[in-house]
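Source file: input21.cif (mmCIF, C-alpha atoms and all ligand atoms)
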```cif
data_final
#
loop_
_atom_site.group_PDB
_atom_site.id
_atom_site.type_symbol
_atom_site.label_atom_id
_atom_site.label_comp_id
_atom_site.auth_asym_id
_atom_site.auth_seq_id
_atom_site.Cartn_x
_atom_site.Cartn_y
_atom_site.Cartn_z
ATOM 1 C CA MET A 29 -144.617 -102.685 -51.282
ATOM 2 C CA GLY A 30 -145.372 -100.710 -54.408
ATOM 3 C CA PRO A 31 -143.837 -97.397 -55.404
ATOM 4 C CA ALA A 32 -142.898 -94.568 -53.061
ATOM 5 C CA TYR A 33 -145.589 -91.969 -52.594
ATOM 6 C CA PRO A 34 -145.028 -88.334 -53.511
ATOM 7 C CA ARG A 35 -143.834 -86.545 -50.372
ATOM 8 C CA ASP A 36 -144.790 -83.043 -51.424
ATOM 9 C CA GLN A 37 -146.222 -80.930 -54.207
ATOM 10 C CA ARG A 38 -142.887 -80.829 -56.028
ATOM 11 C CA GLU A 39 -142.619 -84.614 -56.182
ATOM 12 C CA PHE A 40 -146.220 -84.877 -57.258
ATOM 13 C CA ASP A 41 -145.719 -82.315 -60.038
ATOM 14 C CA ALA A 42 -142.709 -84.286 -61.224
ATOM 15 C CA LEU A 43 -144.817 -87.461 -61.363
ATOM 16 C CA VAL A 44 -147.643 -85.971 -63.393
ATOM 17 C CA ALA A 45 -145.290 -84.119 -65.736
ATOM 18 C CA SER A 46 -145.470 -87.099 -68.085
ATOM 19 C CA GLU A 47 -148.180 -89.578 -68.966
ATOM 20 C CA GLU A 48 -145.544 -92.326 -69.261
ATOM 21 C CA ALA A 49 -144.421 -91.713 -65.687
ATOM 22 C CA CYS A 50 -148.045 -92.019 -64.542
ATOM 23 C CA GLN A 51 -148.431 -95.282 -66.434
ATOM 24 C CA ARG A 52 -145.262 -96.639 -64.862
ATOM 25 C CA TYR A 53 -146.497 -95.573 -61.443
ATOM 26 C CA LEU A 54 -149.891 -97.194 -61.911
ATOM 27 C CA SER A 55 -148.181 -100.339 -63.196
ATOM 28 C CA GLN A 56 -146.163 -100.538 -59.957
ATOM 29 C CA ILE A 57 -149.346 -100.059 -57.953
ATOM 30 C CA ARG A 58 -151.178 -102.740 -59.880
ATOM 31 C CA TRP A 59 -148.295 -105.236 -59.962
ATOM 32 C CA PRO A 60 -146.227 -104.500 -56.861
ATOM 33 C CA GLU A 61 -144.199 -107.684 -57.392
ATOM 34 C CA GLY A 62 -143.581 -106.713 -60.996
ATOM 35 C CA PHE A 63 -145.619 -107.559 -64.073
ATOM 36 C CA ALA A 64 -146.245 -111.210 -64.896
ATOM 37 C CA CYS A 65 -148.087 -112.308 -68.022
ATOM 38 C CA PRO A 66 -151.549 -113.593 -67.035
ATOM 39 C CA ALA A 67 -151.297 -116.269 -69.746
ATOM 40 C CA CYS A 68 -147.840 -117.743 -69.176
ATOM 41 C CA GLY A 69 -146.399 -116.018 -66.109
ATOM 42 C CA HIS A 70 -143.405 -114.629 -68.001
ATOM 43 C CA ARG A 71 -142.139 -111.442 -66.436
ATOM 44 C CA ARG A 72 -140.787 -109.568 -69.443
ATOM 45 C CA ALA A 73 -143.040 -107.470 -71.630
ATOM 46 C CA TRP A 74 -142.808 -104.664 -74.168
ATOM 47 C CA ALA A 75 -144.907 -101.541 -74.193
ATOM 48 C CA VAL A 76 -146.880 -101.806 -77.423
ATOM 49 C CA ARG A 77 -149.171 -98.824 -77.271
ATOM 50 C CA SER A 78 -150.493 -96.548 -74.616
ATOM 51 C CA ARG A 79 -151.512 -98.569 -71.526
ATOM 52 C CA TRP A 80 -150.803 -101.933 -73.202
ATOM 53 C CA GLN A 81 -147.905 -104.319 -72.952
ATOM 54 C CA GLU A 82 -147.074 -107.474 -74.826
ATOM 55 C CA CYS A 83 -145.583 -110.567 -73.216
ATOM 56 C CA ALA A 84 -142.038 -111.154 -74.528
ATOM 57 C CA ARG A 85 -142.619 -114.910 -74.572
ATOM 58 C CA CYS A 86 -146.191 -115.684 -75.669
ATOM 59 C CA GLY A 87 -147.237 -112.373 -77.198
ATOM 60 C CA ARG A 88 -150.329 -111.938 -75.047
ATOM 61 C CA GLN A 89 -151.248 -108.273 -74.741
ATOM 62 C CA THR A 90 -152.309 -106.972 -71.354
ATOM 63 C CA SER A 91 -153.945 -103.656 -70.591
ATOM 64 C CA LEU A 92 -152.717 -101.673 -67.637
ATOM 65 C CA THR A 93 -156.186 -100.340 -66.878
ATOM 66 C CA ALA A 94 -158.536 -103.190 -67.897
ATOM 67 C CA GLY A 95 -160.566 -104.334 -64.903
ATOM 68 C CA THR A 96 -159.738 -101.191 -62.917
ATOM 69 C CA MET A 97 -161.615 -98.000 -62.299
ATOM 70 C CA PHE A 98 -159.670 -96.424 -65.183
ATOM 71 C CA GLN A 99 -160.688 -99.010 -67.766
ATOM 72 C CA ASP A 100 -162.930 -96.917 -69.967
ATOM 73 C CA THR A 101 -161.584 -93.456 -69.401
ATOM 74 C CA ARG A 102 -160.750 -91.332 -72.438
ATOM 75 C CA TYR A 103 -158.743 -88.981 -70.277
ATOM 76 C CA PRO A 104 -155.025 -89.272 -69.564
ATOM 77 C CA LEU A 105 -154.025 -90.922 -66.277
ATOM 78 C CA ARG A 106 -152.275 -87.665 -65.484
ATOM 79 C CA MET A 107 -155.651 -85.996 -65.018
ATOM 80 C CA TRP A 108 -156.929 -88.784 -62.796
ATOM 81 C CA PHE A 109 -153.806 -88.497 -60.671
ATOM 82 C CA GLN A 110 -154.432 -84.770 -60.370
ATOM 83 C CA ALA A 111 -158.035 -85.426 -59.409
ATOM 84 C CA ILE A 112 -156.976 -87.840 -56.661
ATOM 85 C CA TRP A 113 -154.325 -85.406 -55.461
ATOM 86 C CA TYR A 114 -156.954 -82.682 -55.254
ATOM 87 C CA VAL A 115 -159.428 -84.895 -53.377
ATOM 88 C CA THR A 116 -156.871 -86.066 -50.829
ATOM 89 C CA GLY A 117 -155.862 -82.474 -50.167
ATOM 90 C CA GLN A 118 -159.371 -81.294 -49.309
ATOM 91 C CA LYS A 119 -159.678 -81.950 -45.593
ATOM 92 C CA GLN A 120 -163.191 -80.575 -45.443
ATOM 93 C CA GLY A 121 -164.353 -82.681 -48.353
ATOM 94 C CA ALA A 122 -164.060 -82.305 -52.082
ATOM 95 C CA SER A 123 -166.640 -80.670 -54.317
ATOM 96 C CA ALA A 124 -167.447 -81.291 -57.961
ATOM 97 C CA LEU A 125 -167.132 -77.576 -58.660
ATOM 98 C CA GLY A 126 -163.676 -77.467 -57.113
ATOM 99 C CA LEU A 127 -162.605 -80.505 -59.098
ATOM 100 C CA GLN A 128 -163.957 -79.008 -62.305
ATOM 101 C CA ARG A 129 -161.921 -75.867 -61.688
ATOM 102 C CA VAL A 130 -158.703 -77.690 -60.807
ATOM 103 C CA LEU A 131 -158.804 -79.929 -63.859
ATOM 104 C CA GLY A 132 -160.303 -77.396 -66.225
ATOM 105 C CA LEU A 133 -163.050 -79.824 -67.149
ATOM 106 C CA GLY A 134 -165.643 -78.386 -69.506
ATOM 107 C CA SER A 135 -168.645 -79.915 -67.805
ATOM 108 C CA TYR A 136 -169.814 -79.968 -64.227
ATOM 109 C CA HIS A 137 -171.426 -83.332 -64.880
ATOM 110 C CA THR A 138 -168.072 -84.895 -65.808
ATOM 111 C CA ALA A 139 -166.493 -83.527 -62.642
ATOM 112 C CA TRP A 140 -169.396 -84.862 -60.615
ATOM 113 C CA ALA A 141 -169.065 -88.346 -62.133
ATOM 114 C CA TRP A 142 -165.304 -88.366 -61.488
ATOM 115 C CA LEU A 143 -165.782 -87.341 -57.893
ATOM 116 C CA HIS A 144 -168.263 -90.116 -57.257
ATOM 117 C CA ARG A 145 -165.923 -92.697 -58.759
ATOM 118 C CA LEU A 146 -163.145 -91.407 -56.539
ATOM 119 C CA ARG A 147 -165.348 -91.617 -53.460
ATOM 120 C CA ARG A 148 -165.862 -95.285 -54.237
ATOM 121 C CA ALA A 149 -162.111 -95.698 -54.411
ATOM 122 C CA MET A 150 -161.819 -94.329 -50.908
ATOM 123 C CA VAL A 151 -163.193 -97.597 -49.579
ATOM 124 C CA ARG A 152 -160.789 -100.479 -49.542
ATOM 125 C CA PRO A 153 -162.429 -103.300 -51.501
ATOM 126 C CA GLY A 154 -163.147 -106.107 -49.050
ATOM 127 C CA ARG A 155 -162.059 -103.952 -46.144
ATOM 128 C CA GLU A 156 -161.600 -105.631 -42.802
ATOM 129 C CA ARG A 157 -164.177 -105.446 -40.055
ATOM 130 C CA LEU A 158 -163.853 -103.549 -36.795
ATOM 131 C CA THR A 159 -162.576 -105.411 -33.733
ATOM 132 C CA GLY A 160 -162.173 -104.944 -29.989
ATOM 133 C CA THR A 161 -164.802 -102.792 -28.328
ATOM 134 C CA VAL A 162 -167.207 -101.235 -30.791
ATOM 135 C CA GLN A 163 -169.918 -98.756 -29.936
ATOM 136 C CA VAL A 164 -172.941 -98.819 -32.231
ATOM 137 C CA ASP A 165 -175.937 -96.559 -32.727
ATOM 138 C CA GLU A 166 -178.344 -95.496 -35.432
ATOM 139 C CA SER A 167 -179.210 -91.965 -36.411
ATOM 140 C CA TYR A 168 -181.440 -90.238 -38.924
ATOM 141 C CA TRP A 169 -180.219 -87.836 -41.553
ATOM 142 C CA GLY A 170 -182.200 -85.522 -43.793
ATOM 143 C CA GLY A 171 -185.911 -85.005 -44.025
ATOM 144 C CA GLU A 172 -187.546 -82.396 -41.830
ATOM 145 C CA ARG A 173 -185.106 -82.729 -38.994
ATOM 146 C CA SER A 174 -182.460 -85.243 -38.120
ATOM 147 C CA GLY A 175 -182.234 -86.864 -34.748
ATOM 148 C CA LYS A 176 -182.803 -89.994 -32.825
ATOM 149 C CA ARG A 177 -185.059 -92.748 -34.123
ATOM 150 C CA GLY A 178 -188.717 -92.318 -33.625
ATOM 151 C CA ARG A 179 -191.636 -90.597 -35.159
ATOM 152 C CA GLY A 180 -191.774 -89.063 -38.585
ATOM 153 C CA ALA A 181 -189.045 -90.964 -40.388
ATOM 154 C CA VAL A 182 -190.508 -90.080 -43.793
ATOM 155 C CA GLY A 183 -187.916 -88.717 -46.210
ATOM 156 C CA LYS A 184 -185.092 -89.494 -43.846
ATOM 157 C CA SER A 185 -182.135 -91.791 -44.224
ATOM 158 C CA LEU A 186 -181.087 -94.074 -41.441
ATOM 159 C CA ILE A 187 -177.365 -94.412 -40.782
ATOM 160 C CA LEU A 188 -175.770 -97.117 -38.686
ATOM 161 C CA ALA A 189 -172.534 -95.949 -37.084
ATOM 162 C CA ALA A 190 -169.938 -98.240 -35.520
ATOM 163 C CA VAL A 191 -166.904 -96.877 -33.677
ATOM 164 C CA GLU A 192 -163.964 -98.736 -32.158
ATOM 165 C CA HIS A 193 -162.737 -97.332 -28.899
ATOM 166 C CA THR A 194 -160.373 -98.063 -26.033
ATOM 167 C CA ASP A 195 -160.992 -95.989 -22.941
ATOM 168 C CA ARG A 196 -161.524 -92.521 -24.347
ATOM 169 C CA ARG A 197 -159.618 -92.948 -27.563
ATOM 170 C CA LEU A 198 -161.483 -93.412 -30.821
ATOM 171 C CA GLY A 199 -160.329 -96.015 -33.295
ATOM 172 C CA ARG A 200 -161.674 -96.723 -36.749
ATOM 173 C CA ILE A 201 -165.262 -96.156 -37.808
ATOM 174 C CA ARG A 202 -167.727 -97.662 -40.248
ATOM 175 C CA LEU A 203 -170.892 -95.970 -41.503
ATOM 176 C CA VAL A 204 -173.644 -97.563 -43.576
ATOM 177 C CA ARG A 205 -177.129 -96.660 -44.617
ATOM 178 C CA ILE A 206 -179.756 -99.117 -43.360
ATOM 179 C CA ALA A 207 -183.406 -99.531 -44.309
ATOM 180 C CA ASP A 208 -184.889 -99.810 -40.828
ATOM 181 C CA THR A 209 -184.108 -100.731 -37.233
ATOM 182 C CA GLN A 210 -185.466 -104.252 -37.298
ATOM 183 C CA ALA A 211 -183.366 -106.902 -35.617
ATOM 184 C CA GLN A 212 -182.520 -108.725 -38.845
ATOM 185 C CA THR A 213 -181.476 -105.508 -40.622
ATOM 186 C CA LEU A 214 -179.166 -104.525 -37.772
ATOM 187 C CA ALA A 215 -177.717 -108.029 -37.473
ATOM 188 C CA ASP A 216 -177.001 -108.220 -41.223
ATOM 189 C CA ALA A 217 -175.370 -104.797 -41.265
ATOM 190 C CA LEU A 218 -173.241 -105.474 -38.193
ATOM 191 C CA ALA A 219 -172.080 -108.800 -39.619
ATOM 192 C CA THR A 220 -170.407 -106.827 -42.428
ATOM 193 C CA LEU A 221 -168.962 -104.182 -40.094
ATOM 194 C CA VAL A 222 -167.776 -105.918 -36.929
ATOM 195 C CA GLU A 223 -165.718 -109.072 -36.473
ATOM 196 C CA PRO A 224 -167.499 -111.808 -34.468
ATOM 197 C CA GLY A 225 -166.019 -112.154 -30.990
ATOM 198 C CA SER A 226 -165.804 -108.373 -30.609
ATOM 199 C CA SER A 227 -167.666 -106.488 -27.898
ATOM 200 C CA ILE A 228 -170.544 -104.354 -29.085
ATOM 201 C CA GLU A 229 -171.993 -101.597 -26.922
ATOM 202 C CA THR A 230 -175.490 -100.376 -27.707
ATOM 203 C CA ASP A 231 -178.396 -98.713 -25.995
ATOM 204 C CA GLY A 232 -181.414 -100.724 -24.912
ATOM 205 C CA LEU A 233 -183.150 -100.931 -28.298
ATOM 206 C CA PRO A 234 -184.784 -104.384 -28.332
ATOM 207 C CA SER A 235 -183.624 -105.005 -31.927
ATOM 208 C CA TYR A 236 -180.070 -105.431 -30.627
ATOM 209 C CA ARG A 237 -181.002 -108.337 -28.380
ATOM 210 C CA GLY A 238 -179.858 -110.990 -30.851
ATOM 211 C CA LEU A 239 -176.246 -109.810 -30.929
ATOM 212 C CA GLY A 240 -175.153 -112.277 -28.275
ATOM 213 C CA ALA A 241 -176.490 -115.167 -30.313
ATOM 214 C CA ALA A 242 -174.739 -113.741 -33.385
ATOM 215 C CA GLY A 243 -171.355 -114.262 -31.734
ATOM 216 C CA TYR A 244 -170.702 -110.886 -30.150
ATOM 217 C CA HIS A 245 -170.204 -109.901 -26.540
ATOM 218 C CA HIS A 246 -173.150 -107.601 -26.271
ATOM 219 C CA GLN A 247 -173.149 -104.920 -23.622
ATOM 220 C CA VAL A 248 -176.253 -102.813 -23.176
ATOM 221 C CA ILE A 249 -175.424 -99.396 -21.756
ATOM 222 C CA ARG A 250 -178.246 -98.523 -19.404
ATOM 223 C CA ALA A 251 -179.642 -95.115 -18.658
ATOM 224 C CA ASP A 252 -178.601 -94.771 -15.050
ATOM 225 C CA SER A 253 -177.548 -91.139 -15.207
ATOM 226 C CA ARG A 254 -178.043 -88.027 -17.284
ATOM 227 C CA ASP A 255 -174.694 -88.556 -18.997
ATOM 228 C CA ASP A 256 -174.450 -89.489 -22.622
ATOM 229 C CA LEU A 257 -174.623 -93.272 -22.712
ATOM 230 C CA LEU A 258 -172.685 -93.740 -25.924
ATOM 231 C CA PRO A 259 -170.373 -90.713 -26.103
ATOM 232 C CA GLN A 260 -167.911 -92.118 -28.640
ATOM 233 C CA VAL A 261 -170.403 -93.024 -31.323
ATOM 234 C CA HIS A 262 -172.431 -89.878 -30.705
ATOM 235 C CA LEU A 263 -169.316 -87.754 -31.187
ATOM 236 C CA VAL A 264 -168.653 -89.395 -34.547
ATOM 237 C CA VAL A 265 -172.268 -88.953 -35.640
ATOM 238 C CA SER A 266 -172.245 -85.277 -34.711
ATOM 239 C CA LEU A 267 -168.960 -84.741 -36.584
ATOM 240 C CA LEU A 268 -170.472 -86.498 -39.587
ATOM 241 C CA LYS A 269 -173.554 -84.292 -39.532
ATOM 242 C CA ARG A 270 -171.544 -81.131 -39.108
ATOM 243 C CA TRP A 271 -169.386 -82.185 -42.055
ATOM 244 C CA LEU A 272 -172.413 -82.967 -44.237
ATOM 245 C CA LEU A 273 -174.008 -79.659 -43.360
ATOM 246 C CA GLY A 274 -170.875 -77.570 -43.637
ATOM 247 C CA THR A 275 -169.218 -79.058 -46.675
ATOM 248 C CA HIS A 276 -172.248 -79.870 -48.686
ATOM 249 C CA GLN A 277 -174.594 -77.223 -47.313
ATOM 250 C CA GLY A 278 -176.865 -80.065 -46.275
ATOM 251 C CA GLY A 279 -177.636 -80.626 -49.937
ATOM 252 C CA VAL A 280 -176.965 -84.329 -49.838
ATOM 253 C CA GLN A 281 -179.628 -86.469 -51.451
ATOM 254 C CA ALA A 282 -180.488 -89.791 -49.884
ATOM 255 C CA SER A 283 -179.398 -91.589 -53.047
ATOM 256 C CA HIS A 284 -175.923 -90.035 -52.799
ATOM 257 C CA LEU A 285 -175.468 -90.485 -49.094
ATOM 258 C CA ASP A 286 -173.463 -93.715 -49.436
ATOM 259 C CA TYR A 287 -170.708 -91.896 -51.317
ATOM 260 C CA TYR A 288 -170.508 -89.212 -48.665
ATOM 261 C CA LEU A 289 -170.402 -91.760 -45.852
ATOM 262 C CA ASP A 290 -167.463 -93.414 -47.636
ATOM 263 C CA GLU A 291 -165.626 -90.132 -48.014
ATOM 264 C CA PHE A 292 -166.174 -89.187 -44.379
ATOM 265 C CA THR A 293 -165.066 -92.639 -43.214
ATOM 266 C CA PHE A 294 -161.906 -92.420 -45.334
ATOM 267 C CA ARG A 295 -161.014 -89.018 -43.908
ATOM 268 C CA PHE A 296 -161.886 -89.932 -40.329
ATOM 269 C CA ASN A 297 -159.962 -93.210 -40.298
ATOM 270 C CA ARG A 298 -156.906 -91.439 -41.649
ATOM 271 C CA ARG A 299 -157.253 -88.328 -39.513
ATOM 272 C CA THR A 300 -153.845 -88.813 -37.921
ATOM 273 C CA SER A 301 -152.110 -89.369 -41.240
ATOM 274 C CA HIS A 302 -150.583 -86.076 -42.263
ATOM 275 C CA SER A 303 -149.240 -87.352 -45.511
ATOM 276 C CA ARG A 304 -151.298 -86.402 -48.513
ATOM 277 C CA GLY A 305 -149.032 -88.572 -50.668
ATOM 278 C CA LEU A 306 -149.835 -91.657 -48.625
ATOM 279 C CA LEU A 307 -153.574 -91.045 -49.048
ATOM 280 C CA PHE A 308 -152.998 -90.475 -52.749
ATOM 281 C CA ARG A 309 -151.301 -93.852 -53.119
ATOM 282 C CA ARG A 310 -154.005 -95.522 -51.008
ATOM 283 C CA VAL A 311 -156.793 -94.289 -53.289
ATOM 284 C CA LEU A 312 -154.851 -95.524 -56.341
ATOM 285 C CA GLU A 313 -154.391 -98.928 -54.710
ATOM 286 C CA HIS A 314 -158.140 -99.174 -54.203
ATOM 287 C CA ALA A 315 -158.880 -97.890 -57.695
ATOM 288 C CA VAL A 316 -156.938 -100.667 -59.428
ATOM 289 C CA GLN A 317 -158.896 -103.254 -57.442
ATOM 290 C CA LEU A 318 -162.266 -101.725 -58.244
ATOM 291 C CA ALA A 319 -164.322 -102.959 -61.135
ATOM 292 C CA PRO A 320 -164.983 -100.228 -63.659
ATOM 293 C CA VAL A 321 -168.031 -98.125 -62.862
ATOM 294 C CA ARG A 322 -170.281 -97.357 -65.779
ATOM 295 C CA GLU A 323 -171.808 -93.943 -66.046
ATOM 296 C CA ALA A 324 -175.272 -95.468 -65.801
ATOM 297 C CA ASP A 325 -174.397 -97.072 -62.464
ATOM 298 C CA LEU A 326 -173.769 -93.715 -60.865
ATOM 299 C CA HIS A 327 -176.848 -91.977 -59.637
ATOM 300 C CA ALA A 328 -177.777 -88.917 -61.627
ATOM 301 C CA PRO A 329 -176.365 -85.662 -60.284
ATOM 302 C CA ASP A 330 -178.571 -83.167 -58.508
HETATM 303 ZN ZN ZN B 401 -147.070 -114.650 -71.794
#
```

Would you mind writing the structure in this file as structure tokens?
Ligand SMILES: [Zn+2]
Amino acid sequence: MGPAYPRDQREFDALVASEEACQRYLSQIRWPEGFACPACGHRRAWAVRSRWQECARCGRQTSLTAGTMFQDTRYPLRMWFQAIWYVTGQKQGASALGLQRVLGLGSYHTAWAWLHRLRRAMVRPGRERLTGTVQVDESYWGGERSGKRGRGAVGKSLILAAVEHTDRRLGRIRLVRIADTQAQTLADALATLVEPGSSIETDGLPSYRGLGAAGYHHQVIRADSRDDLLPQVHLVVSLLKRWLLGTHQGGVQASHLDYYLDEFTFRFNRRTSHSRGLLFRRVLEHAVQLAPVREADLHAPD
């Protein structure tokens, strides 16, 4: 189950009032069943120094943050909690400048690196694949102009979008960057996004022909009218592009696009959740499962 999430600003302020409270909270997130010594399984431990506890039986010392996204941070957990709270409150997307201001960080670069770590934590590690009926299409982003596949793909990024839907209702989405529209590329990407046995709707692009053999019910939507053939996935793609343009002024480099796709996916899939506290706890849950990210592994800022 884990700890209760903060229901409003007041409860959040109370949580981050003390570093010890934040450590306790993170401990409950990391060990929802209670702490157990990784060496001997004993459940009682003493706090020995900040973020460390010592097993009451065998003396093994365990770090609260080792092996999580917070492993190497010099900053108090309190500040990370505030960063996550800020990010989950920004419906239109978070900016490094905004984060820098909220936390009073001295450097824009630090704020930028934090934000990119947090975007990673928006994706559930090993997240489940889409099921049911899934509409799929590819779209270009960036370069001279974005649009449907075709000529002049230089400098553009190709995004594969997958959207669950029942009748007219949209379900969850997945967005990934792909290298090209060859059959193998699409098949590999879809294998990570959509559960076999699901129905996949696409247009008539020949590269999708192998989906039946890959274990999907493949339905090609034919152009028999002037209507939009794939309205659900096209709606999601247009919302994504509007969000990229509006929030980030279109200034999204290809090398950073993955992070932005993750942030958009997180926000979209939780669009009906009105609880900021729930999102806050969700990001923390992901963060403790994420391997630490070294500075060098983040792409350089703009
Ligand atoms: Zn022990």

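Listed by chain and then by number, the residues chosen by the PyMOL selection byres (((chain A and resi 194-196) around 12) and not hetatm) in this file are Thr159, Gly160, Thr161, Val162, Gln163, Val191, Glu192, His193, Arg197, Leu198, Gly199, Arg200, Ser227, Leu258, Pro259, Gln260, Val261 and Leu263 of chain A.
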
**Report entry** Residue members of the PyMOL selection byres (((not hetatm)) within 6 of (chain B and resi 401)) in the file shown, as number ranges by chain
**Finding:** A: 65, 67-70, 83, 85-88

Report task. Could you tell me which residues the PyMOL selection byres (((chain A and resi 110) around 12) and not hetatm) returns for this structure, as an MDAnalysis selection string? Result -> chainID A and resid 37 40:45 47 50 103:109 111:117 127:132 142:143 146 305 308 312

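Minimum atom-to-atom distance to Tyr287 of chain A, evaluated using only C-alpha atoms, belongs to A:Met150 out of A:Trp169, A:Glu229, A:His262, A:Met150.
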
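Rounded to one decimal, atom CA of Gln118 of chain A and atom CA of Ala282 of chain A lie 22.8 Å from each other.
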
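You can rank A:Pro320, A:Arg202, A:Ser266, A:Glu166 by their closest distance to Thr230 of chain A using all atoms listed in the file, and at the top of that list sits A:Glu166.
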
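With distances restricted to all atoms listed in the file, A:Ile187 is the closest residue to Thr213 of chain A from A:Ile187, A:Leu318, A:Ile201, A:Leu158.
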
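Taking only C-alpha atoms into account, those protein, DNA and RNA residues with any atom at most 9 Å away from (-162.3, -101.5, -64.5) amount to Thr93, Ala94, Gly95, Thr96, Met97, Phe98, Gln99, Asp100, Ala315, Val316, Gln317, Leu318, Ala319, Pro320 and Val321 of chain A.
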
If you keep C-alpha atoms, can you produce a file of those selected residues as an mmCIF file, keeping the file's coordinate frame?
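New file part.cif:
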```cif
data_model
loop_
_atom_site.group_PDB
_atom_site.id
_atom_site.type_symbol
_atom_site.label_atom_id
_atom_site.label_comp_id
_atom_site.auth_asym_id
_atom_site.auth_seq_id
_atom_site.Cartn_x
_atom_site.Cartn_y
_atom_site.Cartn_z
ATOM 1 C CA THR A 93 -156.186 -100.340 -66.878
ATOM 2 C CA ALA A 94 -158.536 -103.190 -67.897
ATOM 3 C CA GLY A 95 -160.566 -104.334 -64.903
ATOM 4 C CA THR A 96 -159.738 -101.191 -62.917
ATOM 5 C CA MET A 97 -161.615 -98.000 -62.299
ATOM 6 C CA PHE A 98 -159.670 -96.424 -65.183
ATOM 7 C CA GLN A 99 -160.688 -99.010 -67.766
ATOM 8 C CA ASP A 100 -162.930 -96.917 -69.967
ATOM 9 C CA ALA A 315 -158.880 -97.890 -57.695
ATOM 10 C CA VAL A 316 -156.938 -100.667 -59.428
ATOM 11 C CA GLN A 317 -158.896 -103.254 -57.442
ATOM 12 C CA LEU A 318 -162.266 -101.725 -58.244
ATOM 13 C CA ALA A 319 -164.322 -102.959 -61.135
ATOM 14 C CA PRO A 320 -164.983 -100.228 -63.659
ATOM 15 C CA VAL A 321 -168.031 -98.125 -62.862
#
```

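We find atom CA of Leu133 of chain A and atom CA of Gly121 of chain A to be spaced 19.1 Å apart.
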
My structure is short of atoms at segment 278-289 of chain A; please model N, CA and C atoms there, returning them as a tab-separated table (two decimals), in the frame of the given file.
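selection-v3.tsv, freshly written:
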```tsv
chain	number	residue	atom	x	y	z
A	278	GLY	N	-175.69	-79.25	-46.55
A	278	GLY	CA	-176.86	-80.06	-46.28
A	278	GLY	C	-177.52	-80.60	-47.53
A	279	GLY	N	-177.00	-80.22	-48.68
A	279	GLY	CA	-177.64	-80.63	-49.94
A	279	GLY	C	-177.22	-82.01	-50.39
A	280	VAL	N	-177.35	-82.96	-49.52
A	280	VAL	CA	-176.96	-84.33	-49.84
A	280	VAL	C	-178.23	-85.16	-50.01
A	281	GLN	N	-178.44	-85.64	-51.22
A	281	GLN	CA	-179.63	-86.47	-51.45
A	281	GLN	C	-179.43	-87.85	-50.86
A	282	ALA	N	-180.55	-88.46	-50.48
A	282	ALA	CA	-180.49	-89.79	-49.88
A	282	ALA	C	-179.76	-90.77	-50.80
A	283	SER	N	-180.00	-90.63	-52.11
A	283	SER	CA	-179.40	-91.59	-53.05
A	283	SER	C	-177.89	-91.42	-53.16
A	284	HIS	N	-177.37	-90.28	-52.74
A	284	HIS	CA	-175.92	-90.04	-52.80
A	284	HIS	C	-175.24	-90.26	-51.47
A	285	LEU	N	-176.03	-90.49	-50.45
A	285	LEU	CA	-175.47	-90.48	-49.09
A	285	LEU	C	-174.34	-91.52	-48.92
A	286	ASP	N	-174.49	-92.67	-49.57
A	286	ASP	CA	-173.46	-93.72	-49.44
A	286	ASP	C	-172.07	-93.19	-49.79
A	287	TYR	N	-172.00	-92.42	-50.89
A	287	TYR	CA	-170.71	-91.90	-51.32
A	287	TYR	C	-170.11	-90.98	-50.24
A	288	TYR	N	-171.00	-90.16	-49.66
A	288	TYR	CA	-170.51	-89.21	-48.66
A	288	TYR	C	-170.08	-89.93	-47.38
A	289	LEU	N	-170.80	-90.98	-47.02
A	289	LEU	CA	-170.40	-91.76	-45.85
A	289	LEU	C	-169.02	-92.37	-46.08
```
